[in-house]
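Asks: First the structure, which I've put down as structure tokens, then a few questions once you've had a look.
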Amino acid sequence: MLLNVLLLVIFASRASPAKIGYFWHITDIHLDTHYHSHKENSCWRGGTSRLPLGKYGDYNCDSPWQLIESAAYAMKAKHGENIEFVLWTGDALSNPSRHNPSHNLATVRNLTHLFGHVFSSQFVFPVLGHDDPRYVAEDTQPYRHVSSLWRHWLPSEALHTFNKGGFYSIEQKTRKLRLVALNTNLWTGDEGEGEDPGGQWAWLETLMAKSYRLKETIYLVGHMAPGTDERLGNPPRPVMSPRHNARYLRLVRRYADIITGQFFGHLHSDTFRVVYNEAGRPVSNIYLSPSLTPKRSSSGFNNPGIRLYKFNSDTGQVIDYVQYYLDLATANQRESADWTIEYNLTTYYGFHKVSASEFHDLAESFTITDGLPLFARYYLVNSVSTSGLMTSMNQAHNHYCAITRLDTDQFYNCLATAPSALFSDAQPNSSISNTVFLVAFMISLLR
């Protein structure tokens, strides 16, 4: 009898399922306090419109308050009480340079109050975007004005580093999962000219070495990811400064065994990146979530999007995610915000599991004719179900290079090479190439 009891205990412990958790990711909100519908019909990006602007936004404008509020309450209604946390990865403001610092800080305060009210039982972990209140260089605690708004979410140790450099980490000791919130502004533009702006590299590399010794798993969270924006510029331009881009990739390769998630925004695109080791093996992947704002400057527009991740709360391993979106035109027509599922990661792409290898295989499929239906599916959700048909045979090639070549020089070398069999199969007749893409797109919708 005692033996049977012992066997039951042993087998029960072996068969115990992974602890499943959920968290939301929202990014690039870009609240436009000048947005007016049914009155002046104006917003700062689009100027004054002859047509009435919709209640929930316009593709030529940044986010009105009604859109942001509807997203927050949709997150609460669809999966609110049993989530672990919310990631908010920057860009709260719409063109902050047009406003004074007190106005910008008040905008962040309003968004903070909204998320604090909606998610009163959970922590929201924010990071700084490039369109957030700027720091004061001569201040000994340059980010203290923003941190004062977020202090109810961040412990004292996190506030200490945030006040100095706009970055912090959150340790969850019971799970050995550490969330590392980066200030990627320090690695871009004028701020990224030094070897270690704000001391973030010294802090991060020390933290990663310690986490490796303690066998912690790591989430890296920031606004701007390494690599290049595949949709902006001709040729597309890098996001980080090259030296910091290369250093980040070296860090990820070194600690890939403990990095179980990388979460970024900034591009307003639904896409991903793959990091390879020196031998060319995929060792990590980066999740790039689409924006809440429908506006994306010169390269087009998106429907608003928010994302729900499912993960193993013991290890941090991402199991799946569900992408929600708002069909903006329909929402404005009905004057009702119906946030619906756009797709589920594993079923949409046919993943067996979520891993760097699966994302690598997906990207490689973009280079062959048989992979056209998968690229058509990817291209549709890349702009949150607003894209039309492909207009150029090079589009799949551009996306492939951006996804797989995060090093700046390698990316430009990839662009310079002739597209693979995907394109040569359809040459030289451009009408044939358009037909191939049309057929691929229709097939993708039927699957």
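By order of appearance in the structure tokens: chains A, B, ..., then residues from 1 within every chain, and ligands from 1 in the order shown.
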Might you pull out every residue within 9 Å of Ala72 in chain A, with only C-alpha atoms counted and same-chain residues fewer than 2 positions away left off, and present them as a VMD selection string?
Replies: chain A and resid 67 to 70 74 to 77 114 to 115 118 to 119
Asks: Hey, what's within 12 Å of Arg250 in chain A if we count only C-alpha atoms and toss same-chain stuff fewer than 6 positions away? As a PyMOL selection string, please?
Replies: chain A and resi 205+226+243-244+256+275-278+283-284+406-407
Asks: Report as a list in words all protein, DNA and RNA residues lying within 10 Å of Trp153 in chain A, evaluated on only C-alpha atoms, omitting residues in the same chain fewer than 6 positions from it.
Replies: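 Once the adjacent positions are removed, what remains is Gly116, Gln122, Phe123, Val124, Phe125, Pro126, Ser147 and Leu159 of chain A.
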Asks: Go through range 164-295 of chain A and collect every residue that DSSP, computed from the backbone, puts in strand (DSSP E or B); the answer should be as an MDAnalysis selection string.
Replies: chainID A and resid 168:172 177:181 217:221 228:233 236:238 259:264 271:276 282:288 295
Asks: For the helix (DSSP H, G or I) assignment from backbone DSSP, which residues of range 224-364 of chain A qualify? Please present them as a PyMOL selection string.
Replies: chain A and resi 242-254+297-299+328-334+345-349+356-364
Asks: Tell me, as a CSV table (one decimal) with C-alpha atoms, in the first residue's frame, which residues lie within 9 Å of range 294-308 of chain A, counting only C-alpha atoms; anything in the same chain fewer than 6 positions away does not count.
Replies:
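File produced: selection_4.csv:
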```
chain,number,residue,atom,x,y,z
A,22,TYR,CA,-0.5,35.3,-19.7
A,23,PHE,CA,0.6,38.8,-20.2
A,24,TRP,CA,-0.4,41.7,-22.5
A,25,HIS,CA,1.8,43.8,-24.8
A,26,ILE,CA,0.8,47.3,-25.9
A,27,THR,CA,3.1,49.6,-27.7
A,45,ARG,CA,-0.3,64.7,-38.3
A,57,GLY,CA,-9.1,57.4,-35.1
A,58,ASP,CA,-8.0,58.0,-38.7
A,59,TYR,CA,-5.3,56.3,-40.8
A,60,ASN,CA,-3.7,59.7,-41.3
A,61,CYS,CA,-3.6,60.5,-37.6
A,62,ASP,CA,-2.3,59.2,-34.3
A,63,SER,CA,-4.5,57.8,-31.5
A,67,LEU,CA,-9.1,54.4,-29.2
A,71,ALA,CA,-8.0,49.1,-26.1
A,75,MET,CA,-7.6,43.9,-22.7
A,79,HIS,CA,-8.1,38.5,-20.4
A,231,ARG,CA,9.2,49.3,-44.5
A,232,LEU,CA,10.7,52.7,-44.1
A,233,GLY,CA,13.3,54.4,-46.4
A,267,LEU,CA,8.3,49.8,-36.1
A,268,HIS,CA,4.5,49.8,-35.9
A,269,SER,CA,4.7,46.5,-37.7
A,270,ASP,CA,3.8,42.9,-36.9
A,320,ASP,CA,1.9,31.1,-28.1
A,321,TYR,CA,0.3,34.5,-28.6
A,322,VAL,CA,-3.0,35.9,-29.9
A,323,GLN,CA,-3.0,39.1,-31.9
A,324,TYR,CA,-6.1,41.2,-31.5
A,325,TYR,CA,-6.9,44.1,-33.7
A,326,LEU,CA,-9.5,46.8,-34.4
A,327,ASP,CA,-10.9,47.2,-37.9
A,328,LEU,CA,-10.7,50.9,-37.8
A,329,ALA,CA,-13.0,51.7,-40.7
A,339,TRP,CA,-11.6,44.2,-30.8
A,342,GLU,CA,-6.7,38.6,-36.0
A,382,ASN,CA,2.5,42.8,-41.1
A,383,SER,CA,0.4,45.9,-41.3
A,384,VAL,CA,-2.5,44.5,-39.2
A,385,SER,CA,-4.7,43.4,-42.0
A,386,THR,CA,-4.5,46.6,-44.1
A,387,SER,CA,-2.0,45.5,-46.8
```
Asks: With distances taken over only C-alpha atoms, which of A:Thr408, A:Ser355, A:Thr112, A:Ser121 is nearest to Arg247 in chain A?
Replies: A:Thr408
Asks: Which polymer residues have any atom within 7 Å of an atom of range 173-177 of chain A, counting only C-alpha atoms, with same-chain residues fewer than 4 positions away left out, as a ChimeraX atom specification?
Replies: /A:216-218,314-316
Asks: Those same residues, written as a tab-separated table (two decimals), in the first residue's frame with N, CA, C and O atoms?
Replies:
```tsv
chain	number	residue	atom	x	y	z
A	216	GLU	N	18.92	32.12	-13.80
A	216	GLU	CA	17.68	32.82	-14.06
A	216	GLU	C	17.38	32.80	-15.56
A	216	GLU	O	18.28	32.63	-16.38
A	217	THR	N	16.13	32.96	-15.90
A	217	THR	CA	15.76	33.19	-17.30
A	217	THR	C	15.40	34.66	-17.46
A	217	THR	O	14.95	35.31	-16.52
A	218	ILE	N	15.60	35.16	-18.68
A	218	ILE	CA	15.56	36.61	-18.91
A	218	ILE	C	14.56	36.96	-20.00
A	218	ILE	O	14.49	36.31	-21.05
A	314	ASP	N	6.97	29.43	-15.14
A	314	ASP	CA	8.16	28.98	-14.41
A	314	ASP	C	9.44	29.30	-15.17
A	314	ASP	O	10.42	29.75	-14.60
A	315	THR	N	9.42	29.04	-16.48
A	315	THR	CA	10.63	29.20	-17.28
A	315	THR	C	10.64	30.48	-18.11
A	315	THR	O	11.70	30.90	-18.59
A	316	GLY	N	9.48	31.06	-18.33
A	316	GLY	CA	9.39	32.23	-19.21
A	316	GLY	C	9.26	31.88	-20.67
A	316	GLY	O	9.13	32.78	-21.51
```
Asks: Quick one: residues within 9 Å of Thr107 in chain A, only C-alpha atoms counted, chain neighbours fewer than 5 positions away excluded, as a ChimeraX atom specification?
Replies: /A:31,33,92-93,102,112
